[in-house]
Every structure is written in structure tokens, then in C-alpha cells.
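What follows is the content of final09.cif, which has mmCIF, C-alpha atoms:
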```cif
data_final
#
loop_
_atom_site.group_PDB
_atom_site.id
_atom_site.type_symbol
_atom_site.label_atom_id
_atom_site.label_comp_id
_atom_site.auth_asym_id
_atom_site.auth_seq_id
_atom_site.Cartn_x
_atom_site.Cartn_y
_atom_site.Cartn_z
ATOM 1 C CA MET A 11 21.053 103.349 57.706
ATOM 2 C CA LEU A 12 23.979 101.404 59.125
ATOM 3 C CA LYS A 13 22.126 98.124 58.595
ATOM 4 C CA THR A 14 22.402 98.725 54.860
ATOM 5 C CA GLN A 15 26.155 98.220 55.161
ATOM 6 C CA PHE A 16 26.105 95.904 58.198
ATOM 7 C CA PRO A 17 22.988 93.732 58.503
ATOM 8 C CA HIS A 18 24.106 92.624 61.968
ATOM 9 C CA ALA A 19 24.431 96.185 63.313
ATOM 10 C CA SER A 20 22.754 96.560 66.698
ATOM 11 C CA LYS A 21 20.341 99.322 67.664
ATOM 12 C CA LEU A 22 22.755 100.372 70.430
ATOM 13 C CA ILE A 23 26.442 101.214 70.201
ATOM 14 C CA PHE A 24 28.950 100.501 72.948
ATOM 15 C CA GLY A 25 31.078 103.606 73.489
ATOM 16 C CA CYS A 26 34.649 102.706 74.460
ATOM 17 C CA MET A 27 35.683 106.065 75.940
ATOM 18 C CA GLY A 28 35.639 104.595 79.456
ATOM 19 C CA LEU A 29 38.096 101.807 78.657
ATOM 20 C CA GLY A 30 41.829 101.871 79.313
ATOM 21 C CA GLY A 31 41.922 103.582 82.709
ATOM 22 C CA ASN A 32 42.009 107.324 83.234
ATOM 23 C CA TRP A 33 43.450 110.131 81.110
ATOM 24 C CA SER A 34 46.780 110.358 82.934
ATOM 25 C CA HIS A 35 48.993 109.081 80.083
ATOM 26 C CA GLN A 36 49.900 106.089 82.266
ATOM 27 C CA PRO A 37 49.699 102.526 80.884
ATOM 28 C CA TYR A 38 46.484 100.704 81.611
ATOM 29 C CA THR A 39 46.536 98.139 84.397
ATOM 30 C CA LYS A 40 45.443 94.543 84.851
ATOM 31 C CA ALA A 41 42.325 95.868 86.557
ATOM 32 C CA ASP A 42 41.607 98.026 83.504
ATOM 33 C CA LEU A 43 41.982 94.959 81.290
ATOM 34 C CA ASN A 44 39.582 92.973 83.462
ATOM 35 C CA LEU A 45 37.060 95.825 83.406
ATOM 36 C CA ALA A 46 37.272 96.081 79.628
ATOM 37 C CA THR A 47 36.870 92.327 79.228
ATOM 38 C CA GLN A 48 33.764 92.226 81.409
ATOM 39 C CA ALA A 49 32.217 95.256 79.709
ATOM 40 C CA ILE A 50 32.818 93.977 76.169
ATOM 41 C CA GLU A 51 31.600 90.508 77.094
ATOM 42 C CA GLN A 52 28.386 91.941 78.524
ATOM 43 C CA ALA A 53 27.881 94.156 75.484
ATOM 44 C CA LEU A 54 28.144 91.156 73.177
ATOM 45 C CA ALA A 55 25.904 89.094 75.460
ATOM 46 C CA SER A 56 23.374 91.935 75.177
ATOM 47 C CA ASN A 57 23.546 91.689 71.374
ATOM 48 C CA ILE A 58 25.427 94.972 71.002
ATOM 49 C CA THR A 59 27.674 94.589 67.985
ATOM 50 C CA VAL A 60 28.854 98.145 67.211
ATOM 51 C CA PHE A 61 31.860 99.434 69.174
ATOM 52 C CA ASP A 62 32.798 103.110 69.048
ATOM 53 C CA HIS A 63 36.351 104.391 69.590
ATOM 54 C CA ALA A 64 38.340 107.561 69.039
ATOM 55 C CA ASP A 65 42.092 107.915 68.820
ATOM 56 C CA ILE A 66 42.062 110.354 71.754
ATOM 57 C CA TYR A 67 40.105 108.165 74.212
ATOM 58 C CA THR A 68 42.300 107.724 77.306
ATOM 59 C CA HIS A 69 45.153 108.885 75.059
ATOM 60 C CA GLY A 70 45.016 105.730 72.963
ATOM 61 C CA ASN A 71 44.702 103.283 75.843
ATOM 62 C CA ALA A 72 41.055 102.539 75.039
ATOM 63 C CA GLU A 73 42.069 101.119 71.667
ATOM 64 C CA LYS A 74 45.076 99.298 73.119
ATOM 65 C CA VAL A 75 43.158 97.546 75.872
ATOM 66 C CA PHE A 76 40.394 96.681 73.394
ATOM 67 C CA ALA A 77 43.016 95.019 71.210
ATOM 68 C CA GLU A 78 44.336 92.988 74.126
ATOM 69 C CA VAL A 79 40.826 91.828 74.994
ATOM 70 C CA LEU A 80 40.330 90.660 71.410
ATOM 71 C CA GLY A 81 43.745 89.030 71.451
ATOM 72 C CA ASN A 82 42.553 86.946 74.395
ATOM 73 C CA GLN A 83 39.126 86.352 72.831
ATOM 74 C CA PRO A 84 39.672 86.327 69.039
ATOM 75 C CA ASP A 85 36.256 84.781 68.328
ATOM 76 C CA TRP A 86 34.570 87.969 69.545
ATOM 77 C CA ARG A 87 35.845 89.990 66.588
ATOM 78 C CA GLU A 88 33.663 88.250 63.995
ATOM 79 C CA ASN A 89 30.517 89.626 65.622
ATOM 80 C CA MET A 90 31.803 93.182 65.894
ATOM 81 C CA ILE A 91 31.573 96.373 63.871
ATOM 82 C CA ILE A 92 34.453 98.587 64.983
ATOM 83 C CA GLN A 93 34.525 102.307 64.326
ATOM 84 C CA SER A 94 36.983 104.964 65.454
ATOM 85 C CA LYS A 95 37.324 108.708 65.094
ATOM 86 C CA CYS A 96 40.200 111.064 64.332
ATOM 87 C CA GLY A 97 40.746 114.795 63.915
ATOM 88 C CA ILE A 98 41.087 116.140 67.486
ATOM 89 C CA ARG A 99 44.546 117.043 68.771
ATOM 90 C CA PHE A 100 45.196 117.945 72.396
ATOM 91 C CA GLU A 101 47.517 120.742 73.467
ATOM 92 C CA ASP A 102 51.157 119.845 72.924
ATOM 93 C CA ASN A 103 54.517 121.547 72.435
ATOM 94 C CA ARG A 104 53.410 122.660 68.965
ATOM 95 C CA GLY A 105 50.182 124.395 69.895
ATOM 96 C CA PRO A 106 46.855 124.475 71.767
ATOM 97 C CA LYS A 107 44.022 122.003 71.523
ATOM 98 C CA ARG A 108 42.931 122.002 67.910
ATOM 99 C CA TYR A 109 41.223 120.106 65.105
ATOM 100 C CA ASP A 110 43.318 118.755 62.257
ATOM 101 C CA PHE A 111 41.957 117.437 58.972
ATOM 102 C CA SER A 112 45.250 117.821 57.162
ATOM 103 C CA PRO A 113 45.998 114.784 54.961
ATOM 104 C CA GLU A 114 49.173 114.168 56.957
ATOM 105 C CA TRP A 115 47.334 114.041 60.272
ATOM 106 C CA ILE A 116 44.413 111.968 58.999
ATOM 107 C CA SER A 117 46.802 109.441 57.453
ATOM 108 C CA ALA A 118 48.946 109.210 60.589
ATOM 109 C CA SER A 119 45.847 108.965 62.777
ATOM 110 C CA VAL A 120 44.374 106.081 60.791
ATOM 111 C CA GLU A 121 47.672 104.198 60.908
ATOM 112 C CA GLY A 122 47.808 104.801 64.667
ATOM 113 C CA ILE A 123 44.265 103.551 65.151
ATOM 114 C CA LEU A 124 44.934 100.372 63.207
ATOM 115 C CA SER A 125 48.174 99.776 65.093
ATOM 116 C CA ARG A 126 46.622 100.256 68.540
ATOM 117 C CA LEU A 127 43.600 98.101 67.668
ATOM 118 C CA ASN A 128 45.949 95.549 66.077
ATOM 119 C CA ILE A 129 43.786 95.267 62.974
ATOM 120 C CA GLU A 130 44.442 95.895 59.289
ATOM 121 C CA HIS A 131 41.019 97.276 58.404
ATOM 122 C CA LEU A 132 38.636 99.584 60.282
ATOM 123 C CA ASP A 133 34.957 99.020 59.584
ATOM 124 C CA VAL A 134 34.007 102.699 59.904
ATOM 125 C CA LEU A 135 36.227 105.785 60.170
ATOM 126 C CA LEU A 136 34.654 108.962 61.568
ATOM 127 C CA LEU A 137 35.989 112.524 61.373
ATOM 128 C CA HIS A 138 35.600 113.690 64.969
ATOM 129 C CA ARG A 139 34.913 117.445 64.796
ATOM 130 C CA PRO A 140 34.883 119.881 61.864
ATOM 131 C CA ASP A 141 38.216 121.588 61.207
ATOM 132 C CA PRO A 142 37.723 125.227 60.082
ATOM 133 C CA LEU A 143 41.081 125.049 58.257
ATOM 134 C CA ALA A 144 40.241 121.887 56.340
ATOM 135 C CA ASP A 145 41.077 121.877 52.641
ATOM 136 C CA LEU A 146 38.122 119.719 51.613
ATOM 137 C CA PRO A 147 39.460 118.601 48.209
ATOM 138 C CA ALA A 148 42.694 117.508 49.915
ATOM 139 C CA VAL A 149 40.713 115.785 52.676
ATOM 140 C CA ALA A 150 38.617 113.938 50.087
ATOM 141 C CA GLU A 151 41.723 112.892 48.160
ATOM 142 C CA CYS A 152 43.344 111.570 51.341
ATOM 143 C CA LEU A 153 40.238 109.656 52.420
ATOM 144 C CA THR A 154 39.796 108.193 48.956
ATOM 145 C CA ARG A 155 43.373 106.923 48.976
ATOM 146 C CA LEU A 156 43.031 105.378 52.450
ATOM 147 C CA HIS A 157 39.774 103.742 51.398
ATOM 148 C CA GLN A 158 41.357 102.330 48.250
ATOM 149 C CA GLU A 159 44.220 100.979 50.347
ATOM 150 C CA GLY A 160 41.702 99.090 52.472
ATOM 151 C CA LYS A 161 42.392 101.049 55.661
ATOM 152 C CA PHE A 162 38.676 101.581 56.330
ATOM 153 C CA GLY A 163 35.442 100.339 54.839
ATOM 154 C CA TYR A 164 32.985 103.207 55.364
ATOM 155 C CA LEU A 165 33.194 106.873 56.305
ATOM 156 C CA GLY A 166 31.242 108.712 58.969
ATOM 157 C CA VAL A 167 31.488 112.073 60.688
ATOM 158 C CA SER A 168 30.758 113.462 64.114
ATOM 159 C CA ASN A 169 29.319 116.800 65.229
ATOM 160 C CA MET A 170 28.673 118.024 61.684
ATOM 161 C CA HIS A 171 25.912 120.113 60.155
ATOM 162 C CA TRP A 172 24.112 118.812 57.088
ATOM 163 C CA TYR A 173 25.840 121.242 54.759
ATOM 164 C CA GLN A 174 29.272 120.089 55.937
ATOM 165 C CA ILE A 175 28.329 116.492 55.180
ATOM 166 C CA ASP A 176 26.926 117.551 51.820
ATOM 167 C CA ALA A 177 30.162 119.350 50.932
ATOM 168 C CA LEU A 178 32.140 116.175 51.659
ATOM 169 C CA ASN A 179 29.690 113.975 49.794
ATOM 170 C CA LYS A 180 30.113 116.062 46.643
ATOM 171 C CA LEU A 181 33.874 115.427 46.661
ATOM 172 C CA LEU A 182 33.989 111.747 47.596
ATOM 173 C CA PRO A 183 33.422 108.652 45.437
ATOM 174 C CA PHE A 184 31.627 107.017 48.381
ATOM 175 C CA PRO A 185 28.983 108.426 50.747
ATOM 176 C CA VAL A 186 29.195 109.511 54.363
ATOM 177 C CA ILE A 187 27.102 106.892 56.165
ATOM 178 C CA ALA A 188 26.955 108.161 59.787
ATOM 179 C CA ASN A 189 26.825 111.367 61.806
ATOM 180 C CA GLN A 190 27.371 111.255 65.567
ATOM 181 C CA LEU A 191 25.734 114.103 67.482
ATOM 182 C CA GLU A 192 24.711 114.893 71.033
ATOM 183 C CA MET A 193 21.061 113.885 71.257
ATOM 184 C CA SER A 194 19.042 112.983 74.344
ATOM 185 C CA LEU A 195 15.979 113.725 76.403
ATOM 186 C CA GLY A 196 18.180 116.236 78.221
ATOM 187 C CA TYR A 197 19.555 117.825 75.041
ATOM 188 C CA ARG A 198 16.518 118.327 72.841
ATOM 189 C CA ASP A 199 17.491 121.068 70.387
ATOM 190 C CA TRP A 200 17.291 118.552 67.542
ATOM 191 C CA VAL A 201 13.572 118.162 68.278
ATOM 192 C CA GLU A 202 12.887 121.759 69.269
ATOM 193 C CA GLU A 203 14.261 123.089 65.975
ATOM 194 C CA GLY A 204 11.612 121.247 64.048
ATOM 195 C CA ILE A 205 8.578 122.172 66.144
ATOM 196 C CA CYS A 206 9.357 125.766 67.123
ATOM 197 C CA THR A 207 9.307 127.390 63.685
ATOM 198 C CA ASN A 208 8.382 131.076 63.867
ATOM 199 C CA SER A 209 8.891 130.994 67.626
ATOM 200 C CA PRO A 210 11.251 132.990 69.869
ATOM 201 C CA HIS A 211 12.082 129.676 71.528
ATOM 202 C CA ASN A 212 14.264 128.880 68.514
ATOM 203 C CA SER A 213 16.421 131.981 68.917
ATOM 204 C CA GLN A 214 18.772 130.126 71.257
ATOM 205 C CA ASN A 215 18.588 126.761 69.489
ATOM 206 C CA GLY A 216 21.985 125.197 68.867
ATOM 207 C CA TYR A 217 20.882 122.691 66.229
ATOM 208 C CA THR A 218 21.232 123.481 62.538
ATOM 209 C CA ALA A 219 17.955 123.370 60.642
ATOM 210 C CA GLY A 220 17.713 120.544 58.156
ATOM 211 C CA THR A 221 20.419 118.286 59.606
ATOM 212 C CA LEU A 222 17.970 115.661 60.858
ATOM 213 C CA GLU A 223 16.039 115.612 57.578
ATOM 214 C CA TYR A 224 19.186 115.570 55.430
ATOM 215 C CA CYS A 225 20.550 112.559 57.290
ATOM 216 C CA GLN A 226 17.246 110.720 56.917
ATOM 217 C CA GLN A 227 16.989 111.490 53.212
ATOM 218 C CA GLN A 228 20.600 110.626 52.429
ATOM 219 C CA GLY A 229 20.743 107.431 54.476
ATOM 220 C CA VAL A 230 23.171 108.908 57.015
ATOM 221 C CA GLN A 231 22.874 106.968 60.263
ATOM 222 C CA LEU A 232 22.357 109.273 63.237
ATOM 223 C CA GLN A 233 24.347 108.167 66.272
ATOM 224 C CA ALA A 234 23.687 109.860 69.606
ATOM 225 C CA TRP A 235 26.497 110.547 72.053
ATOM 226 C CA ALA A 236 25.581 111.204 75.718
ATOM 227 C CA PRO A 237 22.123 109.673 75.068
ATOM 228 C CA LEU A 238 21.390 109.262 78.786
ATOM 229 C CA ALA A 239 22.250 112.909 79.519
ATOM 230 C CA GLN A 240 24.786 111.759 82.125
ATOM 231 C CA GLY A 241 22.061 109.790 83.907
ATOM 232 C CA LYS A 242 20.062 112.930 84.679
ATOM 233 C CA TYR A 243 16.744 111.080 84.532
ATOM 234 C CA SER A 244 17.876 107.521 85.205
ATOM 235 C CA GLY A 245 19.557 107.663 88.595
ATOM 236 C CA ASN A 246 22.311 110.274 88.716
ATOM 237 C CA GLY A 247 20.120 113.355 88.898
ATOM 238 C CA ASP A 248 17.578 114.821 91.298
ATOM 239 C CA ALA A 249 15.228 112.035 92.355
ATOM 240 C CA ALA A 250 12.527 114.641 92.949
ATOM 241 C CA CYS A 251 12.733 115.841 89.344
ATOM 242 C CA PRO A 252 9.282 115.351 87.724
ATOM 243 C CA THR A 253 10.870 113.829 84.620
ATOM 244 C CA SER A 254 12.873 111.353 86.705
ATOM 245 C CA GLN A 255 9.687 110.379 88.519
ATOM 246 C CA ARG A 256 7.878 109.907 85.218
ATOM 247 C CA VAL A 257 10.753 107.757 83.953
ATOM 248 C CA ASN A 258 10.434 105.605 87.072
ATOM 249 C CA GLU A 259 6.690 105.217 86.536
ATOM 250 C CA LEU A 260 7.107 104.244 82.895
ATOM 251 C CA ALA A 261 9.898 101.812 83.718
ATOM 252 C CA ALA A 262 7.563 100.023 86.122
ATOM 253 C CA SER A 263 4.707 100.121 83.616
ATOM 254 C CA TYR A 264 6.754 98.713 80.719
ATOM 255 C CA GLY A 265 8.717 96.331 82.934
ATOM 256 C CA VAL A 266 12.105 97.684 81.862
ATOM 257 C CA SER A 267 14.952 99.679 83.361
ATOM 258 C CA ARG A 268 15.000 103.458 83.726
ATOM 259 C CA GLU A 269 17.876 103.550 81.255
ATOM 260 C CA ALA A 270 15.721 101.734 78.711
ATOM 261 C CA ILE A 271 12.965 104.336 79.033
ATOM 262 C CA VAL A 272 15.349 107.254 78.458
ATOM 263 C CA LEU A 273 17.047 105.515 75.530
ATOM 264 C CA GLY A 274 13.682 104.325 74.245
ATOM 265 C CA TRP A 275 12.509 107.928 74.052
ATOM 266 C CA LEU A 276 15.405 108.664 71.703
ATOM 267 C CA MET A 277 14.949 105.472 69.689
ATOM 268 C CA ARG A 278 11.196 106.057 69.221
ATOM 269 C CA HIS A 279 12.014 108.751 66.657
ATOM 270 C CA PRO A 280 11.587 107.475 63.063
ATOM 271 C CA ALA A 281 15.137 108.551 62.171
ATOM 272 C CA GLY A 282 16.343 105.265 63.696
ATOM 273 C CA ILE A 283 18.819 106.926 66.053
ATOM 274 C CA GLN A 284 21.557 104.687 67.506
ATOM 275 C CA PRO A 285 22.463 105.677 71.083
ATOM 276 C CA VAL A 286 26.137 105.357 72.037
ATOM 277 C CA ILE A 287 26.146 104.161 75.642
ATOM 278 C CA GLY A 288 29.257 104.957 77.662
ATOM 279 C CA THR A 289 28.949 102.875 80.810
ATOM 280 C CA THR A 290 31.456 100.114 81.590
ATOM 281 C CA ASN A 291 29.254 98.634 84.332
ATOM 282 C CA PRO A 292 27.933 95.240 83.108
ATOM 283 C CA ALA A 293 24.656 95.658 84.977
ATOM 284 C CA ARG A 294 24.025 99.054 83.393
ATOM 285 C CA ILE A 295 24.989 97.753 79.957
ATOM 286 C CA ALA A 296 22.346 95.050 80.365
ATOM 287 C CA ALA A 297 19.863 97.653 81.608
ATOM 288 C CA CYS A 298 20.503 99.841 78.552
ATOM 289 C CA ALA A 299 20.079 96.866 76.223
ATOM 290 C CA GLU A 300 16.469 96.497 77.356
ATOM 291 C CA ALA A 301 15.724 99.504 75.144
ATOM 292 C CA GLU A 302 16.241 97.398 72.007
ATOM 293 C CA SER A 303 12.865 95.689 72.420
ATOM 294 C CA LEU A 304 10.970 98.728 73.745
ATOM 295 C CA THR A 305 8.559 100.902 71.779
ATOM 296 C CA LEU A 306 7.158 103.841 73.705
ATOM 297 C CA SER A 307 3.646 104.949 72.854
ATOM 298 C CA ARG A 308 3.220 108.341 71.192
ATOM 299 C CA GLU A 309 1.518 109.614 74.342
ATOM 300 C CA HIS A 310 4.326 108.500 76.629
ATOM 301 C CA TRP A 311 6.920 109.986 74.269
ATOM 302 C CA TYR A 312 5.167 113.361 74.439
ATOM 303 C CA GLN A 313 4.709 113.104 78.203
ATOM 304 C CA LEU A 314 8.473 112.749 78.664
ATOM 305 C CA PHE A 315 9.164 115.500 76.147
ATOM 306 C CA GLU A 316 6.773 117.930 77.813
ATOM 307 C CA SER A 317 8.137 117.124 81.254
ATOM 308 C CA ALA A 318 11.758 117.549 80.212
ATOM 309 C CA ARG A 319 11.137 120.861 78.409
ATOM 310 C CA GLY A 320 9.099 122.175 81.331
ATOM 311 C CA GLN A 321 6.075 123.249 79.307
ATOM 312 C CA GLU A 322 3.647 121.893 76.764
ATOM 313 C CA VAL A 323 4.533 121.969 73.083
ATOM 314 C CA PRO A 324 3.674 125.214 71.227
#
```

For this file, write the structure as C-alpha cells.
Amino acid sequence: MLKTQFPHASKLIFGCMGLGGNWSHQPYTKADLNLATQAIEQALASNITVFDHADIYTHGNAEKVFAEVLGNQPDWRENMIIQSKCGIRFEDNRGPKRYDFSPEWISASVEGILSRLNIEHLDVLLLHRPDPLADLPAVAECLTRLHQEGKFGYLGVSNMHWYQIDALNKLLPFPVIANQLEMSLGYRDWVEEGICTNSPHNSQNGYTAGTLEYCQQQGVQLQAWAPLAQGKYSGNGDAACPTSQRVNELAASYGVSREAIVLGWLMRHPAGIQPVIGTTNPARIAACAEAESLTLSREHWYQLFESARGQEVP
């Protein structure tokens, strides 16, 4: 788990995709800087120490504004674990949107990340999405060189099956330590795959069998993107939804926020899943952080699961 490498790693991760303004290619504004400062300050005040970036977030502005915040508050850096992702390229004059694990692109991406964040060393580098054209031995050679040069400390991946991680692990002198996947009460295929063996329900399952178990066995930290399912059950969805109503009831019973209940459902799993929260609203960051001290009962976990799936377990 991530705490093996970073004892001060928090149970939650602050996702920085919402920093740096919109995706218009325009420079971020003073208001964007103020928003980022308030969000990062609240995250740290809520004992969130892991900060998740990607080189594509707001076309690089998320990393740039983060760097300016740290330039104004240099003491904050010592409590942080900073990770960023590379490998996605948007449409440009050379081609359509694509994934690129070529050594040239990975190397240039890492240098760009470090430059925008104004740091010399990235705590964790993640490969964002699998590239079907990746030459894995060349990828491993490139990553090994960058690691030896001190560009990043640890390697993670995102949106990968277990066998893709295993293929990388067999070529690298250091292990993959994290895998970031979509996981939530609203996106439950990772649970359904394990309980619906020999069932037609699994015919449409989008989760690769064995990924959860492989990550647990190999010490690969599971990180969950979109863990609140876009607020479907915690305020942004249908208030009349039975699952939303159950979340409200449990929030009152446990004395925590609705966000904490939804995140707590995810974190109750023994895999030690780290949710990546994406809000920049200080109040919602604080509400999410209440999940760190919450342990749902087995019965309440299954109640939410049954409600969200719309039927009892097989």
C-alpha cells in the first residue's frame, strides 16, 4: 500500500483536475489562484496529504497554479505527496486524440510536469491510460532511466488491467505501486465481478477478473477516480432516489456528511481503496474528509450496495 512508501499518506487523495480555470487554453486568473489556494489549504487542514495531477489537466494550468500556490506557501510542500500522470495526447495538427507511451513522449512529459510544478523530483509518476502501440521493453528502459536520474520516486498506473501491470512489473527493476481506476457506489463492476460468478449478470461487466486481487496481493495501491459518482447519491442526483435517501439516513445516524457515507462505502472494502476527490469547494473537501474516521457496518455496506444495484445480491 502507499503507506509502505509514504507513512504520512492520507486515506483520501485531493484530485487537482479542477484547478487552473477551465480548459480553454487561456492563462489562469487571480481568481483561479485564490480558489486553488483555498482548496489546497483546506485539503491540508483536513489532513489530506496526497495530491493528484495529470499533465493534461486544464492543459497544464492545474500544475502551474499549484506551483504558484506552493511558491507563496513553501512550507506546505513538506507535508505533501505529489503525483502526476502522463500518456494522453489531445488532438493536434499531427493527429487525433491518442495515447503515447513512446520513450520520447514519456521523457518530454515528465520534464514538462517537473517544469510546470517547479520541482526537481516527482513523488509518484503514473501512466495515464494504456497505449496499444506501447513497446513495453522500451517503456521500461525509459522509466528506469528517468527513475535513476531522480525524476520520480515511484511508479503507478491508471486504468490498467492486472495483466498489463504484471507485464510492466516483469520488465522493471522497481514495482508498480498504484493503480487508479473508476470505482464508486455508482460504478460497481469491480464488486459485481467477484460476486456474480456463473451468472448472466457478468456478461456485461466491464471490470477485468483478478485485477482487484492482483493489486491486493502485489501491494498495488488502488486509487478510485470519480468516487462520489458525480454526486449522484450525495446531493447532485435525484433526491427521491432510494439510495440517496438511505445515504441521508446513514449520514444522520453516523453524524457525518453524505459525502462521507458514499466515500466510506468505498473505503470499507479491505483493499484499502484511496478515493480521489475532485471538488475545489472547501466545505465539500471538509465534508469528504469526514470519511477518514468512518467505518460502516457490514449491514449498512450491503444495504447501500443492494439499493444501488436495484436488487439483492445473488

| query | Looking at A:Tyr197, A:Ile50, A:Glu130, A:Gln240, which one is nearest to A:Gln83, with distances taken over only C-alpha atoms? | reply | A:Ile50

| Mind pulling up the distance from atom CA of A:Leu273 to atom CA of A:Tyr243? |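 We find that atom CA of A:Tyr243 and atom CA of A:Leu273 lie 10.6 Å from each other.
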
| query | Out of A:Gln214, A:Gln158, A:Asn189, A:Thr207, which residue has the shortest atom-to-atom distance to A:Gln231 when counting all atoms listed in the file? | reply | A:Asn189

| 10 Å contact set for A:Ala41, all atoms listed in the file, chain neighbours under 5 positions out, as a ChimeraX atom specification | /A:30-31,46-47

| task | Pull out every residue that the PyMOL selection byres ((chain A and resi 178) around 12) matches in the shown coordinates and put them as a PyMOL selection string. | result | chain A and resi 137+140+144-151+153-154+165-167+170-177+179-187

| task | Can you work out the spacing between atom CA of A:Leu195 and atom CA of A:Pro210 in Å, to one decimal? | result |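 Here the two named atoms are 20.9 Å from each other.
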
| query | Skipping near chain neighbours, those fewer than 2 positions away, what residues fall within 10 Å of A:His69 using only C-alpha atoms, listed as a ChimeraX atom specification? | reply | /A:27,30-37,64-67,71-74,100

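Across A:Glu159, A:Glu223, A:Glu309, A:Glu101, the tightest approach to A:Ser117 is made by A:Glu159 when counting all atoms listed in the file.
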
| request: Might you pull out every residue within 10 Å of A:Gly282, with all atoms listed in the file counted and same-chain residues fewer than 5 positions away left off, and present them as a list in words? | output: Met11, Leu12, Lys21, Gln226, Gln231, Leu232, Gln233, Leu276 and Met277 of chain A

Write out, as a CSV table (one decimal), in the frame of the given file, the residues just selected, with C-alpha atoms.
```
chain,number,residue,atom,x,y,z
A,11,MET,CA,21.1,103.3,57.7
A,12,LEU,CA,24.0,101.4,59.1
A,21,LYS,CA,20.3,99.3,67.7
A,226,GLN,CA,17.2,110.7,56.9
A,231,GLN,CA,22.9,107.0,60.3
A,232,LEU,CA,22.4,109.3,63.2
A,233,GLN,CA,24.3,108.2,66.3
A,276,LEU,CA,15.4,108.7,71.7
A,277,MET,CA,14.9,105.5,69.7
```

| For A:Val230, the nearest of the candidates A:Asp42, A:Tyr164, A:Arg155, A:Tyr312, counting all atoms listed in the file |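 Of the candidates, the smallest distance to A:Val230 is held by A:Tyr164.
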
| Selection under test: the PyMOL selection byres ((chain A and resi 44) around 12); residues as a count of residues only | 24

| Among listed residues A:Thr14, A:Ser263, A:Ser56, A:Gln255, nearest A:Glu300 (using all atoms listed in the file) |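 Under the stated criterion, the closest residue is A:Ser56.
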
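Closest approach to A:Leu124 among A:Ser94, A:Ser267, A:Thr253, A:Asn103: A:Ser94, based on only C-alpha atoms.
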
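The gap separating atom CA of A:Pro285 from atom CA of A:Ile91 is 14.9 Å, in Å to one decimal.
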
| query | At a cut-off of 10 Å from (24.7, 108.7, 68.3) in the coordinates of the file, what residues are picked up using all atoms listed in the file, written as a list in words? | reply | Leu22, Ile23, Gly25, Asp62, Ser168, Asn169, Ala188, Asn189, Gln190, Leu191, Glu192, Met193, Ser194, Gln231, Leu232, Gln233, Ala234, Trp235, Ala236, Pro237, Leu276, Ile283, Gln284, Pro285, Val286 and Ile287 of chain A

| request: Would you list the contacts of stretch 131-133 of chain A as a PyMOL selection string, taking every protein, DNA or RNA residue within 10 Å and counting all atoms listed in the file, but skipping same-chain residues closer than 4 positions in sequence? | output: chain A and resi 15-16+60+90-94+120-121+123-124+127+157+159-165

| field | Selection: 10 Å around A:Asn57, only C-alpha atoms, excl. self and same-chain fewer than 5 positions, as a PyMOL selection string | value | chain A and resi 18-22+51-52+89+296+299+302

Centre, x/y/z edge lengths, axis-aligned box for stretch 174-182 of chain A with 6 Å per side, as lines of an AutoDock Vina configuration file:
```
center_x = 30.5
center_y = 115.9
center_z = 51.3
size_x = 19.1
size_y = 20.3
size_z = 21.3
```

File contents for stretch 103-108 of chain A with all heavy atoms as a CSV table (one decimal), in the first residue's frame:
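Generated file (out.csv):
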```
chain,number,residue,atom,x,y,z
A,103,ASN,N,-2.3,19.1,-34.6
A,103,ASN,CA,-2.0,19.2,-36.0
A,103,ASN,C,-1.3,17.9,-36.5
A,103,ASN,O,-1.1,17.8,-37.7
A,103,ASN,CB,-1.2,20.4,-36.4
A,103,ASN,CG,0.1,20.6,-35.7
A,103,ASN,OD1,0.5,19.6,-35.0
A,103,ASN,ND2,0.7,21.7,-35.8
A,104,ARG,N,-0.9,17.0,-35.6
A,104,ARG,CA,-0.3,15.8,-36.0
A,104,ARG,C,-1.2,14.6,-36.0
A,104,ARG,O,-0.9,13.5,-36.6
A,104,ARG,CB,0.9,15.5,-35.1
A,104,ARG,CG,2.0,16.6,-35.2
A,104,ARG,CD,3.2,16.2,-34.4
A,104,ARG,NE,3.8,15.0,-34.9
A,104,ARG,CZ,4.9,14.4,-34.4
A,104,ARG,NH1,5.4,14.8,-33.2
A,104,ARG,NH2,5.3,13.3,-34.9
A,105,GLY,N,-2.4,14.7,-35.3
A,105,GLY,CA,-3.2,13.6,-35.3
A,105,GLY,C,-4.4,13.7,-34.3
A,105,GLY,O,-4.5,14.8,-33.6
A,106,PRO,N,-5.2,12.7,-34.2
A,106,PRO,CA,-6.4,12.7,-33.3
A,106,PRO,C,-5.9,12.5,-31.8
A,106,PRO,O,-4.8,12.3,-31.5
A,106,PRO,CB,-7.2,11.6,-33.8
A,106,PRO,CG,-6.2,10.6,-34.2
A,106,PRO,CD,-5.1,11.4,-34.9
A,107,LYS,N,-6.9,12.6,-30.9
A,107,LYS,CA,-6.6,12.2,-29.5
A,107,LYS,C,-6.1,10.8,-29.5
A,107,LYS,O,-6.6,9.9,-30.2
A,107,LYS,CB,-7.9,12.3,-28.7
A,107,LYS,CG,-7.7,11.9,-27.2
A,107,LYS,CD,-9.0,12.0,-26.4
A,107,LYS,CE,-8.7,11.6,-25.0
A,107,LYS,NZ,-9.9,11.6,-24.2
A,108,ARG,N,-5.0,10.6,-28.7
A,108,ARG,CA,-4.3,9.3,-28.7
A,108,ARG,C,-3.6,9.1,-27.4
A,108,ARG,O,-3.4,10.1,-26.6
A,108,ARG,CB,-3.4,9.3,-29.9
A,108,ARG,CG,-2.3,10.4,-29.9
A,108,ARG,CD,-1.9,10.7,-31.4
A,108,ARG,NE,-0.8,11.7,-31.5
A,108,ARG,CZ,-1.1,13.0,-31.5
A,108,ARG,NH1,-2.3,13.5,-31.5
A,108,ARG,NH2,-0.1,13.9,-31.7
```
